[in-house]
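Working notes for the structure below.
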Amino acid sequence: MTLADVLPSVGLAGEPPLEPGLWPRTTHLAGGGDLTCGGVRLTRLAARFGTPVQVFDETEIRGRAESLRAAFPDAEIAFATKALPVRGVLRVLGFSADVCSAGEIAMARSAGVPGERILVHGNVKTPEDLKAAFTAHAGRIVADSADEIDQLAALAPAGQRVLVRVTPGVDAHTHRALATAVEGQKFGFSLASGAALDAVGQVLAQPGLRAAGLHCHLGSQVRDTGAYAEAVRRMVRLLAQVRERHGEMLDQLDLGGGFAVPYRAGEPAFDLTGAARRILGMLRLECDRHRIPVPRLVLEPGRWLVATAGITLYRVAAVKSRFVAVDGGMSDNPRPALYGARYTARLVGRHTKAPRRPWTIAGRHCEAGDVLAEDVPLPADIRPGDLLAVPVSGAYHHALASNYNLVGRPPLVAVAGGAARVLVRRETEEDLLRRDLG
Ligand SMILES: *Cc1c(COP(=O)(O)O)cnc(C)c1O
């Protein structure tokens, strides 16, 4: 055991301390500028698996799953598979699966998630998606439009359970591209216009379908716990209206996902216990007020469960004016280019006394917008061959990755107890050429 293990916030021999909340819980300073995660040195992982490589701390994922279960002991938790569609991760989490395509259904099934615990959502479900859902005996399908309810009535197996996706009109104060519960975006039935109440009626009128409950999703990277409480208030009122108008008590309330994580030093962590207190408190209070039984709560977090478990390692290829160019980029992390997501990074594996100054980390792709992070404080003597670690890269990296410029997607390597295990191997040139039939 090193001093850094006992006092993890103490810098080792002048090395910068780890920013709290950004690194997986088993990350420690290891001397010589190196870090260990899951008991494995990051420099060793880079040497063994090449770069870029995505490292996952299994202990972090398990710890997060436990905290969530403890905060919402009676809720059903469905992992938003799209955040990290990886079998090994679905297995470690052991939750229900929230999916939105035939591919994600196949992933959930092959990870052993029982059909009953598969929830299918999305504003477009193709015939292939629906067929996959029916074949998997997906427990719930989240209906997003009147056309879709008609389609489900015609095609779904008898007794198919349906949740109605509601737009509760709650502004979660997140990026416009990530806000999914305000009026005027593409998802769900409006609560304010009465469309949601009508949609429940439409489902109830179909003898082959069972209305199981209501669904909403405020968006992603939501920090405001009050937005969840407000959504509960509005959704419970809608449940009461459903009972009044249609004489039916729906027994599930799915609040979607969206819990935020910090990406850079100084950003606050999501207040999970506060959120649980407000959500569960509001649920009981409003159900009492409307004299309806408390529905089963369903939550669908993606990012919050896996983001902070991931670290991406890149090798510096070139240094030019304010740019540090690395061997990955928008192909393994398109989030900065897509919606201005901001990251930090840390030099790993070399100790230096050089002062730190702000750098721009540029990717390798043929786009001026291929920048991974800006204003990152890194040593002034950074040079080719150095290793950079980008924390909080566990969610929506692997999932959004492409093979732009025919760069193979990086491997995913889980670490725990001093051992590394490949969850997804690196994409090879053979993989890249296989679909091109000439
Ligand atoms: C994306 C999405 C989630 C997960 O969002 P996170 O921000 O990753 O928690 C959950 N439910 C639905 C319907 C989604 O579209």
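Letters for chains follow the order of the structure tokens (A, B, ...), residue numbers begin at 1 for each chain, and ligand numbers begin at 1 in the order shown.
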
Contact table chain A vs ligand 1, cut-off 7 Å, shortest pair per residue, only C-alpha atoms and all ligand atoms, as a Markdown table:
| residue | atom | partner | partner_atom_place_in_ligand_line | distance |
| --- | --- | --- | --- | --- |
| A:Ala80 | CA | ligand 1 | 4 (C) | 4.8 |
| A:Lys82 | CA | ligand 1 | 1 (C) | 6.8 |
| A:Ala83 | CA | ligand 1 | 8 (O) | 5.5 |
| A:Asp98 | CA | ligand 1 | 11 (N) | 6.9 |
| A:His121 | CA | ligand 1 | 13 (C) | 6.2 |
| A:Gly122 | CA | ligand 1 | 13 (C) | 6.9 |
| A:His217 | CA | ligand 1 | 13 (C) | 5.4 |
| A:Gly219 | CA | ligand 1 | 7 (O) | 6.3 |
| A:Ser220 | CA | ligand 1 | 7 (O) | 3.6 |
| A:Gln221 | CA | ligand 1 | 7 (O) | 5.5 |
| A:Gly256 | CA | ligand 1 | 11 (N) | 4.3 |
| A:Gly257 | CA | ligand 1 | 9 (O) | 3.8 |
| A:Gly258 | CA | ligand 1 | 7 (O) | 3.3 |
| A:Phe259 | CA | ligand 1 | 9 (O) | 5.3 |
| A:Ala260 | CA | ligand 1 | 7 (O) | 6.9 |
| A:Glu300 | CA | ligand 1 | 10 (C) | 4.6 |
| A:Pro301 | CA | ligand 1 | 9 (O) | 3.7 |
| A:Gly302 | CA | ligand 1 | 8 (O) | 3.4 |
| A:Arg303 | CA | ligand 1 | 8 (O) | 3.7 |
| A:Trp304 | CA | ligand 1 | 9 (O) | 5.9 |

Tell me, which residues of stretch 117-233 of chain A carry DSSP alpha helix (DSSP H), written as a VMD selection string? chain A and resid 127 to 135 146 to 155 195 to 204 225 to 233

Could the residues in this selection be saved with N, CA, C and O atoms as a short mmCIF file (atom, residue, chain, number, x, y, z; two decimals), in the first residue's frame?
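Listed below is the output, out-v2.cif:
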data_model
loop_
_atom_site.label_atom_id
_atom_site.label_comp_id
_atom_site.auth_asym_id
_atom_site.auth_seq_id
_atom_site.Cartn_x
_atom_site.Cartn_y
_atom_site.Cartn_z
N PRO A 127 -40.34 -2.29 -38.83
CA PRO A 127 -40.91 -3.63 -38.76
C PRO A 127 -39.92 -4.64 -38.18
O PRO A 127 -40.32 -5.53 -37.41
N GLU A 128 -38.64 -4.48 -38.49
CA GLU A 128 -37.63 -5.41 -37.95
C GLU A 128 -37.50 -5.24 -36.43
O GLU A 128 -37.35 -6.22 -35.69
N ASP A 129 -37.55 -4.00 -35.96
CA ASP A 129 -37.46 -3.75 -34.52
C ASP A 129 -38.65 -4.40 -33.80
O ASP A 129 -38.49 -5.06 -32.76
N LEU A 130 -39.85 -4.20 -34.38
CA LEU A 130 -41.05 -4.75 -33.73
C LEU A 130 -41.01 -6.27 -33.73
O LEU A 130 -41.34 -6.92 -32.73
N LYS A 131 -40.57 -6.83 -34.86
CA LYS A 131 -40.50 -8.29 -34.94
C LYS A 131 -39.54 -8.82 -33.86
O LYS A 131 -39.85 -9.79 -33.16
N ALA A 132 -38.40 -8.15 -33.73
CA ALA A 132 -37.42 -8.57 -32.71
C ALA A 132 -38.03 -8.46 -31.31
O ALA A 132 -37.82 -9.33 -30.46
N ALA A 133 -38.79 -7.39 -31.09
CA ALA A 133 -39.41 -7.19 -29.77
C ALA A 133 -40.41 -8.31 -29.48
O ALA A 133 -40.43 -8.86 -28.37
N PHE A 134 -41.22 -8.66 -30.48
CA PHE A 134 -42.22 -9.72 -30.26
C PHE A 134 -41.54 -11.07 -30.06
O PHE A 134 -41.93 -11.85 -29.20
N THR A 135 -40.51 -11.33 -30.88
CA THR A 135 -39.80 -12.61 -30.75
C THR A 135 -39.15 -12.74 -29.37
O THR A 135 -39.10 -13.82 -28.80
N ALA A 146 -49.70 7.77 -32.28
CA ALA A 146 -50.99 7.10 -32.51
C ALA A 146 -50.84 6.04 -33.60
O ALA A 146 -51.42 4.95 -33.51
N ASP A 147 -50.05 6.35 -34.63
CA ASP A 147 -49.82 5.37 -35.70
C ASP A 147 -49.21 4.10 -35.12
O ASP A 147 -49.55 2.98 -35.51
N GLU A 148 -48.30 4.30 -34.19
CA GLU A 148 -47.65 3.14 -33.62
C GLU A 148 -48.61 2.30 -32.78
O GLU A 148 -48.52 1.08 -32.77
N ILE A 149 -49.52 2.96 -32.07
CA ILE A 149 -50.50 2.19 -31.28
C ILE A 149 -51.36 1.35 -32.22
O ILE A 149 -51.61 0.17 -31.95
N ASP A 150 -51.75 1.92 -33.37
CA ASP A 150 -52.51 1.15 -34.36
C ASP A 150 -51.71 -0.06 -34.82
O ASP A 150 -52.23 -1.18 -34.93
N GLN A 151 -50.45 0.20 -35.10
CA GLN A 151 -49.57 -0.86 -35.59
C GLN A 151 -49.43 -1.97 -34.54
O GLN A 151 -49.48 -3.15 -34.87
N LEU A 152 -49.24 -1.57 -33.28
CA LEU A 152 -49.09 -2.56 -32.20
C LEU A 152 -50.38 -3.37 -32.07
O LEU A 152 -50.35 -4.59 -31.89
N ALA A 153 -51.53 -2.67 -32.19
CA ALA A 153 -52.82 -3.37 -32.07
C ALA A 153 -52.94 -4.44 -33.15
O ALA A 153 -53.47 -5.53 -32.91
N ALA A 154 -52.40 -4.13 -34.34
CA ALA A 154 -52.53 -5.07 -35.46
C ALA A 154 -51.53 -6.22 -35.37
O ALA A 154 -51.81 -7.34 -35.80
N LEU A 155 -50.34 -5.94 -34.83
CA LEU A 155 -49.25 -6.91 -34.96
C LEU A 155 -48.81 -7.59 -33.67
O LEU A 155 -48.26 -8.69 -33.71
N ALA A 195 -53.23 15.04 -25.57
CA ALA A 195 -52.89 13.93 -26.47
C ALA A 195 -52.48 12.68 -25.67
O ALA A 195 -52.80 11.56 -26.07
N ALA A 196 -51.81 12.89 -24.55
CA ALA A 196 -51.34 11.75 -23.76
C ALA A 196 -52.53 10.98 -23.18
O ALA A 196 -52.57 9.74 -23.21
N LEU A 197 -53.50 11.73 -22.67
CA LEU A 197 -54.69 11.10 -22.10
C LEU A 197 -55.45 10.33 -23.19
O LEU A 197 -55.91 9.20 -22.97
N ASP A 198 -55.55 10.93 -24.37
CA ASP A 198 -56.20 10.25 -25.50
C ASP A 198 -55.45 8.98 -25.89
O ASP A 198 -56.07 7.97 -26.22
N ALA A 199 -54.11 9.06 -25.86
CA ALA A 199 -53.31 7.91 -26.28
C ALA A 199 -53.54 6.73 -25.35
O ALA A 199 -53.64 5.58 -25.79
N VAL A 200 -53.67 7.01 -24.05
CA VAL A 200 -53.95 5.91 -23.11
C VAL A 200 -55.31 5.30 -23.46
O VAL A 200 -55.47 4.07 -23.49
N GLY A 201 -56.28 6.15 -23.79
CA GLY A 201 -57.60 5.66 -24.21
C GLY A 201 -57.50 4.79 -25.45
O GLY A 201 -58.14 3.74 -25.53
N GLN A 202 -56.64 5.21 -26.38
CA GLN A 202 -56.46 4.45 -27.62
C GLN A 202 -55.89 3.05 -27.32
O GLN A 202 -56.33 2.07 -27.91
N VAL A 203 -54.94 2.98 -26.38
CA VAL A 203 -54.38 1.67 -26.01
C VAL A 203 -55.45 0.82 -25.32
O VAL A 203 -55.62 -0.36 -25.63
N LEU A 204 -56.18 1.45 -24.39
CA LEU A 204 -57.19 0.70 -23.63
C LEU A 204 -58.30 0.16 -24.54
O LEU A 204 -58.90 -0.88 -24.23
N THR A 225 -32.61 18.19 -9.73
CA THR A 225 -33.46 17.14 -9.16
C THR A 225 -34.91 17.61 -9.07
O THR A 225 -35.83 16.80 -9.09
N GLY A 226 -35.10 18.93 -9.01
CA GLY A 226 -36.46 19.48 -8.97
C GLY A 226 -37.23 19.17 -10.24
O GLY A 226 -38.46 19.04 -10.21
N ALA A 227 -36.52 19.03 -11.37
CA ALA A 227 -37.20 18.72 -12.64
C ALA A 227 -37.84 17.34 -12.54
O ALA A 227 -38.95 17.12 -13.05
N TYR A 228 -37.17 16.40 -11.86
CA TYR A 228 -37.75 15.06 -11.69
C TYR A 228 -38.99 15.11 -10.79
O TYR A 228 -40.00 14.47 -11.06
N ALA A 229 -38.89 15.89 -9.72
CA ALA A 229 -40.03 16.00 -8.81
C ALA A 229 -41.23 16.59 -9.55
O ALA A 229 -42.36 16.13 -9.40
N GLU A 230 -40.97 17.60 -10.37
CA GLU A 230 -42.05 18.24 -11.14
C GLU A 230 -42.66 17.23 -12.13
O GLU A 230 -43.87 17.17 -12.31
N ALA A 231 -41.79 16.43 -12.76
CA ALA A 231 -42.29 15.42 -13.70
C ALA A 231 -43.18 14.43 -12.95
O ALA A 231 -44.26 14.06 -13.44
N VAL A 232 -42.77 14.01 -11.75
CA VAL A 232 -43.58 13.08 -10.96
C VAL A 232 -44.95 13.71 -10.68
O VAL A 232 -45.99 13.07 -10.85
N ARG A 233 -44.93 14.97 -10.28
CA ARG A 233 -46.19 15.65 -9.94
C ARG A 233 -47.15 15.62 -11.14
O ARG A 233 -48.31 15.25 -11.03
#

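Within the 12 Å cut-off around A:His290, using only C-alpha atoms and omitting residues fewer than 4 positions from it on the same chain, the listed residues are Arg233, Arg234, Met235, Val236, Arg237, Leu238, Leu239, Ala240, Gln241, Val242, Arg243, Glu244, Met249, Met282, Leu283, Arg284, Leu285, Glu286 and Val294 of chain A.
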
The selected residues should be written to file as an mmCIF file, in the first residue's frame (atoms: C-alpha atoms).
data_model
loop_
_atom_site.group_PDB
_atom_site.id
_atom_site.type_symbol
_atom_site.label_atom_id
_atom_site.label_comp_id
_atom_site.auth_asym_id
_atom_site.auth_seq_id
_atom_site.Cartn_x
_atom_site.Cartn_y
_atom_site.Cartn_z
ATOM 1 C CA ARG A 233 -46.188 15.653 -9.945
ATOM 2 C CA ARG A 234 -47.472 16.020 -13.504
ATOM 3 C CA MET A 235 -47.342 12.304 -14.320
ATOM 4 C CA VAL A 236 -49.217 11.310 -11.144
ATOM 5 C CA ARG A 237 -51.913 13.854 -11.975
ATOM 6 C CA LEU A 238 -52.149 12.233 -15.406
ATOM 7 C CA LEU A 239 -52.461 8.777 -13.802
ATOM 8 C CA ALA A 240 -55.341 10.164 -11.743
ATOM 9 C CA GLN A 241 -56.953 11.633 -14.871
ATOM 10 C CA VAL A 242 -56.590 8.285 -16.639
ATOM 11 C CA ARG A 243 -58.440 6.592 -13.808
ATOM 12 C CA GLU A 244 -61.131 9.240 -13.805
ATOM 13 C CA MET A 249 -55.424 2.412 -12.747
ATOM 14 C CA MET A 282 -43.394 13.627 -4.357
ATOM 15 C CA LEU A 283 -44.670 10.253 -5.541
ATOM 16 C CA ARG A 284 -46.206 9.389 -2.161
ATOM 17 C CA LEU A 285 -47.546 12.885 -1.589
ATOM 18 C CA GLU A 286 -49.226 13.229 -4.978
ATOM 19 C CA VAL A 294 -48.510 4.328 -5.653
#

Hey, what's within 9 Å of A:Ala420 if we count only C-alpha atoms and toss same-chain stuff fewer than 2 positions away? As a compact mmCIF listing (two decimals) with N, CA, C and O atoms, in the first residue's frame, please?
# COMPACT_ATOMS: atom_id res chain seq x y z
N GLY A 38 -8.24 -0.37 -11.11
CA GLY A 38 -8.53 -1.79 -10.92
C GLY A 38 -7.26 -2.58 -10.61
O GLY A 38 -7.18 -3.76 -10.91
N VAL A 40 -4.35 -2.16 -12.01
CA VAL A 40 -3.48 -2.32 -13.17
C VAL A 40 -2.96 -0.94 -13.59
O VAL A 40 -3.72 0.03 -13.62
N LEU A 45 -1.52 -1.12 -19.55
CA LEU A 45 -2.69 -1.38 -20.41
C LEU A 45 -2.44 -0.83 -21.82
O LEU A 45 -2.74 -1.48 -22.82
N VAL A 55 -10.68 1.92 -21.06
CA VAL A 55 -10.51 1.12 -19.85
C VAL A 55 -11.77 1.27 -19.00
O VAL A 55 -12.28 2.38 -18.86
N VAL A 413 -11.58 -2.60 -22.40
CA VAL A 413 -10.89 -3.52 -21.51
C VAL A 413 -11.37 -3.26 -20.08
O VAL A 413 -11.24 -2.14 -19.58
N ALA A 414 -11.95 -4.28 -19.45
CA ALA A 414 -12.39 -4.14 -18.06
C ALA A 414 -11.24 -4.48 -17.14
O ALA A 414 -10.48 -5.42 -17.41
N VAL A 415 -11.08 -3.70 -16.06
CA VAL A 415 -10.05 -4.00 -15.07
C VAL A 415 -10.69 -4.20 -13.71
O VAL A 415 -11.66 -3.52 -13.36
N ALA A 416 -10.15 -5.15 -12.96
CA ALA A 416 -10.61 -5.40 -11.59
C ALA A 416 -9.62 -6.34 -10.93
O ALA A 416 -9.12 -7.28 -11.57
N GLY A 417 -9.31 -6.04 -9.66
CA GLY A 417 -8.46 -6.93 -8.87
C GLY A 417 -7.11 -7.23 -9.51
O GLY A 417 -6.59 -8.33 -9.39
N GLY A 418 -6.56 -6.26 -10.22
CA GLY A 418 -5.22 -6.43 -10.79
C GLY A 418 -5.21 -7.16 -12.12
O GLY A 418 -4.14 -7.41 -12.68
N VAL A 422 -10.58 -8.31 -21.86
CA VAL A 422 -11.10 -7.61 -23.04
C VAL A 422 -12.59 -7.90 -23.18
O VAL A 422 -13.00 -9.06 -23.29

Could you state the separation of atom CA of A:Leu406 and atom CA of A:Trp359 in Å, given to one decimal place? 27.0 Å

Using backbone DSSP assignments, extract all strand (DSSP E or B) residues from stretch 215-367 of chain A; output them as a PDB file with N, CA, C and O atoms, in the first residue's frame.
ATOM      1  N   HIS A 215     -44.745   6.690 -19.376  1.00  0.00           N
ATOM      2  CA  HIS A 215     -43.297   6.845 -19.494  1.00  0.00           C
ATOM      3  C   HIS A 215     -42.979   8.291 -19.836  1.00  0.00           C
ATOM      4  O   HIS A 215     -43.692   8.919 -20.619  1.00  0.00           O
ATOM      5  N   GLY A 219     -34.565  14.026 -20.563  1.00  0.00           N
ATOM      6  CA  GLY A 219     -33.395  14.395 -21.351  1.00  0.00           C
ATOM      7  C   GLY A 219     -32.175  13.810 -20.693  1.00  0.00           C
ATOM      8  O   GLY A 219     -32.283  12.975 -19.790  1.00  0.00           O
ATOM      9  N   VAL A 222     -29.077  15.747 -16.893  1.00  0.00           N
ATOM     10  CA  VAL A 222     -29.985  16.566 -16.086  1.00  0.00           C
ATOM     11  C   VAL A 222     -29.437  16.645 -14.667  1.00  0.00           C
ATOM     12  O   VAL A 222     -29.196  15.615 -14.030  1.00  0.00           O
ATOM     13  N   GLN A 252     -47.577   1.297 -13.598  1.00  0.00           N
ATOM     14  CA  GLN A 252     -46.148   1.634 -13.687  1.00  0.00           C
ATOM     15  C   GLN A 252     -45.945   3.091 -14.072  1.00  0.00           C
ATOM     16  O   GLN A 252     -46.655   3.621 -14.928  1.00  0.00           O
ATOM     17  N   LEU A 253     -44.940   3.696 -13.442  1.00  0.00           N
ATOM     18  CA  LEU A 253     -44.543   5.050 -13.812  1.00  0.00           C
ATOM     19  C   LEU A 253     -43.048   5.020 -14.117  1.00  0.00           C
ATOM     20  O   LEU A 253     -42.221   4.837 -13.222  1.00  0.00           O
ATOM     21  N   ASP A 254     -42.730   5.172 -15.399  1.00  0.00           N
ATOM     22  CA  ASP A 254     -41.332   5.131 -15.845  1.00  0.00           C
ATOM     23  C   ASP A 254     -40.855   6.562 -16.023  1.00  0.00           C
ATOM     24  O   ASP A 254     -41.407   7.317 -16.828  1.00  0.00           O
ATOM     25  N   PHE A 259     -29.782  11.185 -15.350  1.00  0.00           N
ATOM     26  CA  PHE A 259     -28.975  11.665 -14.235  1.00  0.00           C
ATOM     27  C   PHE A 259     -27.594  12.104 -14.750  1.00  0.00           C
ATOM     28  O   PHE A 259     -26.941  11.371 -15.498  1.00  0.00           O
ATOM     29  N   ARG A 296     -45.614   1.361  -9.485  1.00  0.00           N
ATOM     30  CA  ARG A 296     -44.226   0.881  -9.471  1.00  0.00           C
ATOM     31  C   ARG A 296     -43.379   1.849 -10.285  1.00  0.00           C
ATOM     32  O   ARG A 296     -43.689   2.159 -11.421  1.00  0.00           O
ATOM     33  N   LEU A 297     -42.294   2.305  -9.662  1.00  0.00           N
ATOM     34  CA  LEU A 297     -41.408   3.250 -10.329  1.00  0.00           C
ATOM     35  C   LEU A 297     -40.402   2.484 -11.198  1.00  0.00           C
ATOM     36  O   LEU A 297     -39.866   1.463 -10.775  1.00  0.00           O
ATOM     37  N   VAL A 298     -40.182   2.985 -12.405  1.00  0.00           N
ATOM     38  CA  VAL A 298     -39.144   2.429 -13.280  1.00  0.00           C
ATOM     39  C   VAL A 298     -38.174   3.561 -13.604  1.00  0.00           C
ATOM     40  O   VAL A 298     -38.608   4.683 -13.876  1.00  0.00           O
ATOM     41  N   LEU A 299     -36.882   3.284 -13.524  1.00  0.00           N
ATOM     42  CA  LEU A 299     -35.864   4.282 -13.883  1.00  0.00           C
ATOM     43  C   LEU A 299     -34.973   3.699 -14.967  1.00  0.00           C
ATOM     44  O   LEU A 299     -34.704   2.499 -14.974  1.00  0.00           O
ATOM     45  N   GLY A 310     -15.226   4.788 -17.080  1.00  0.00           N
ATOM     46  CA  GLY A 310     -14.377   4.700 -18.269  1.00  0.00           C
ATOM     47  C   GLY A 310     -13.248   5.718 -18.320  1.00  0.00           C
ATOM     48  O   GLY A 310     -13.415   6.875 -17.926  1.00  0.00           O
ATOM     49  N   ILE A 311     -12.106   5.259 -18.774  1.00  0.00           N
ATOM     50  CA  ILE A 311     -10.954   6.131 -19.036  1.00  0.00           C
ATOM     51  C   ILE A 311     -10.477   5.783 -20.443  1.00  0.00           C
ATOM     52  O   ILE A 311     -10.306   4.602 -20.750  1.00  0.00           O
ATOM     53  N   THR A 312     -10.282   6.787 -21.303  1.00  0.00           N
ATOM     54  CA  THR A 312      -9.709   6.500 -22.619  1.00  0.00           C
ATOM     55  C   THR A 312      -8.241   6.930 -22.632  1.00  0.00           C
ATOM     56  O   THR A 312      -7.909   8.024 -22.175  1.00  0.00           O
ATOM     57  N   LEU A 313      -7.393   6.032 -23.108  1.00  0.00           N
ATOM     58  CA  LEU A 313      -5.959   6.335 -23.208  1.00  0.00           C
ATOM     59  C   LEU A 313      -5.613   6.610 -24.666  1.00  0.00           C
ATOM     60  O   LEU A 313      -5.967   5.829 -25.559  1.00  0.00           O
ATOM     61  N   TYR A 314      -4.932   7.721 -24.887  1.00  0.00           N
ATOM     62  CA  TYR A 314      -4.466   8.096 -26.224  1.00  0.00           C
ATOM     63  C   TYR A 314      -2.958   8.297 -26.189  1.00  0.00           C
ATOM     64  O   TYR A 314      -2.394   8.681 -25.165  1.00  0.00           O
ATOM     65  N   ARG A 315      -2.314   8.096 -27.320  1.00  0.00           N
ATOM     66  CA  ARG A 315      -0.896   8.393 -27.450  1.00  0.00           C
ATOM     67  C   ARG A 315      -0.751   9.717 -28.195  1.00  0.00           C
ATOM     68  O   ARG A 315      -1.451   9.934 -29.194  1.00  0.00           O
ATOM     69  N   VAL A 316       0.113  10.584 -27.685  1.00  0.00           N
ATOM     70  CA  VAL A 316       0.368  11.859 -28.372  1.00  0.00           C
ATOM     71  C   VAL A 316       1.202  11.580 -29.619  1.00  0.00           C
ATOM     72  O   VAL A 316       2.234  10.903 -29.557  1.00  0.00           O
ATOM     73  N   ALA A 317       0.728  12.114 -30.766  1.00  0.00           N
ATOM     74  CA  ALA A 317       1.444  11.900 -32.025  1.00  0.00           C
ATOM     75  C   ALA A 317       2.269  13.125 -32.407  1.00  0.00           C
ATOM     76  O   ALA A 317       3.363  12.995 -32.958  1.00  0.00           O
ATOM     77  N   ALA A 318       1.753  14.300 -32.131  1.00  0.00           N
ATOM     78  CA  ALA A 318       2.454  15.523 -32.536  1.00  0.00           C
ATOM     79  C   ALA A 318       2.028  16.672 -31.644  1.00  0.00           C
ATOM     80  O   ALA A 318       0.928  16.663 -31.083  1.00  0.00           O
ATOM     81  N   VAL A 319       2.917  17.647 -31.499  1.00  0.00           N
ATOM     82  CA  VAL A 319       2.630  18.845 -30.708  1.00  0.00           C
ATOM     83  C   VAL A 319       2.937  20.044 -31.588  1.00  0.00           C
ATOM     84  O   VAL A 319       4.031  20.138 -32.159  1.00  0.00           O
ATOM     85  N   LYS A 320       1.956  20.934 -31.756  1.00  0.00           N
ATOM     86  CA  LYS A 320       2.109  22.055 -32.694  1.00  0.00           C
ATOM     87  C   LYS A 320       1.352  23.254 -32.163  1.00  0.00           C
ATOM     88  O   LYS A 320       0.152  23.131 -31.906  1.00  0.00           O
ATOM     89  N   PHE A 323      -1.740  22.959 -30.040  1.00  0.00           N
ATOM     90  CA  PHE A 323      -2.391  21.665 -30.270  1.00  0.00           C
ATOM     91  C   PHE A 323      -1.532  20.476 -29.835  1.00  0.00           C
ATOM     92  O   PHE A 323      -0.354  20.397 -30.169  1.00  0.00           O
ATOM     93  N   VAL A 324      -2.197  19.554 -29.133  1.00  0.00           N
ATOM     94  CA  VAL A 324      -1.612  18.243 -28.870  1.00  0.00           C
ATOM     95  C   VAL A 324      -2.445  17.271 -29.691  1.00  0.00           C
ATOM     96  O   VAL A 324      -3.638  17.103 -29.430  1.00  0.00           O
ATOM     97  N   ALA A 325      -1.865  16.672 -30.716  1.00  0.00           N
ATOM     98  CA  ALA A 325      -2.631  15.770 -31.585  1.00  0.00           C
ATOM     99  C   ALA A 325      -2.428  14.335 -31.123  1.00  0.00           C
ATOM    100  O   ALA A 325      -1.299  13.906 -30.885  1.00  0.00           O
ATOM    101  N   VAL A 326      -3.562  13.606 -30.996  1.00  0.00           N
ATOM    102  CA  VAL A 326      -3.501  12.240 -30.476  1.00  0.00           C
ATOM    103  C   VAL A 326      -3.981  11.227 -31.522  1.00  0.00           C
ATOM    104  O   VAL A 326      -4.538  11.606 -32.557  1.00  0.00           O
ATOM    105  N   ARG A 346      -5.226  14.029 -18.676  1.00  0.00           N
ATOM    106  CA  ARG A 346      -4.084  14.033 -17.771  1.00  0.00           C
ATOM    107  C   ARG A 346      -2.940  13.269 -18.418  1.00  0.00           C
ATOM    108  O   ARG A 346      -3.151  12.224 -19.042  1.00  0.00           O
ATOM    109  N   LEU A 347      -1.735  13.811 -18.253  1.00  0.00           N
ATOM    110  CA  LEU A 347      -0.545  13.099 -18.713  1.00  0.00           C
ATOM    111  C   LEU A 347      -0.333  11.897 -17.799  1.00  0.00           C
ATOM    112  O   LEU A 347      -0.397  12.022 -16.578  1.00  0.00           O
ATOM    113  N   VAL A 348      -0.054  10.757 -18.400  1.00  0.00           N
ATOM    114  CA  VAL A 348       0.120   9.526 -17.621  1.00  0.00           C
ATOM    115  C   VAL A 348       1.449   8.870 -17.982  1.00  0.00           C
ATOM    116  O   VAL A 348       1.800   8.778 -19.162  1.00  0.00           O
ATOM    117  N   ARG A 356       2.301  23.908 -15.956  1.00  0.00           N
ATOM    118  CA  ARG A 356       1.179  23.499 -16.809  1.00  0.00           C
ATOM    119  C   ARG A 356       0.628  24.722 -17.536  1.00  0.00           C
ATOM    120  O   ARG A 356       0.643  25.830 -17.017  1.00  0.00           O
ATOM    121  N   ARG A 357       0.151  24.495 -18.738  1.00  0.00           N
ATOM    122  CA  ARG A 357      -0.476  25.563 -19.516  1.00  0.00           C
ATOM    123  C   ARG A 357      -1.649  24.952 -20.291  1.00  0.00           C
ATOM    124  O   ARG A 357      -1.735  23.726 -20.434  1.00  0.00           O
ATOM    125  N   PRO A 358      -2.559  25.804 -20.777  1.00  0.00           N
ATOM    126  CA  PRO A 358      -3.723  25.251 -21.478  1.00  0.00           C
ATOM    127  C   PRO A 358      -3.392  24.736 -22.877  1.00  0.00           C
ATOM    128  O   PRO A 358      -2.699  25.422 -23.637  1.00  0.00           O
ATOM    129  N   TRP A 359      -3.843  23.540 -23.182  1.00  0.00           N
ATOM    130  CA  TRP A 359      -3.640  22.920 -24.490  1.00  0.00           C
ATOM    131  C   TRP A 359      -4.979  22.548 -25.101  1.00  0.00           C
ATOM    132  O   TRP A 359      -5.952  22.306 -24.381  1.00  0.00           O
ATOM    133  N   THR A 360      -4.979  22.440 -26.432  1.00  0.00           N
ATOM    134  CA  THR A 360      -6.138  21.907 -27.151  1.00  0.00           C
ATOM    135  C   THR A 360      -5.759  20.515 -27.628  1.00  0.00           C
ATOM    136  O   THR A 360      -4.731  20.348 -28.291  1.00  0.00           O
ATOM    137  N   ILE A 361      -6.595  19.521 -27.268  1.00  0.00           N
ATOM    138  CA  ILE A 361      -6.310  18.150 -27.707  1.00  0.00           C
ATOM    139  C   ILE A 361      -7.069  17.898 -29.004  1.00  0.00           C
ATOM    140  O   ILE A 361      -8.305  17.926 -29.033  1.00  0.00           O
ATOM    141  N   ALA A 362      -6.297  17.715 -30.080  1.00  0.00           N
ATOM    142  CA  ALA A 362      -6.899  17.520 -31.399  1.00  0.00           C
ATOM    143  C   ALA A 362      -6.881  16.048 -31.752  1.00  0.00           C
ATOM    144  O   ALA A 362      -5.960  15.313 -31.384  1.00  0.00           O
TER     145      ALA A 362
END

For the atom pair atom CA of A:Asn403 and atom CA of A:Thr43, what is the interatomic distance in Å to one decimal place? 25.0 Å
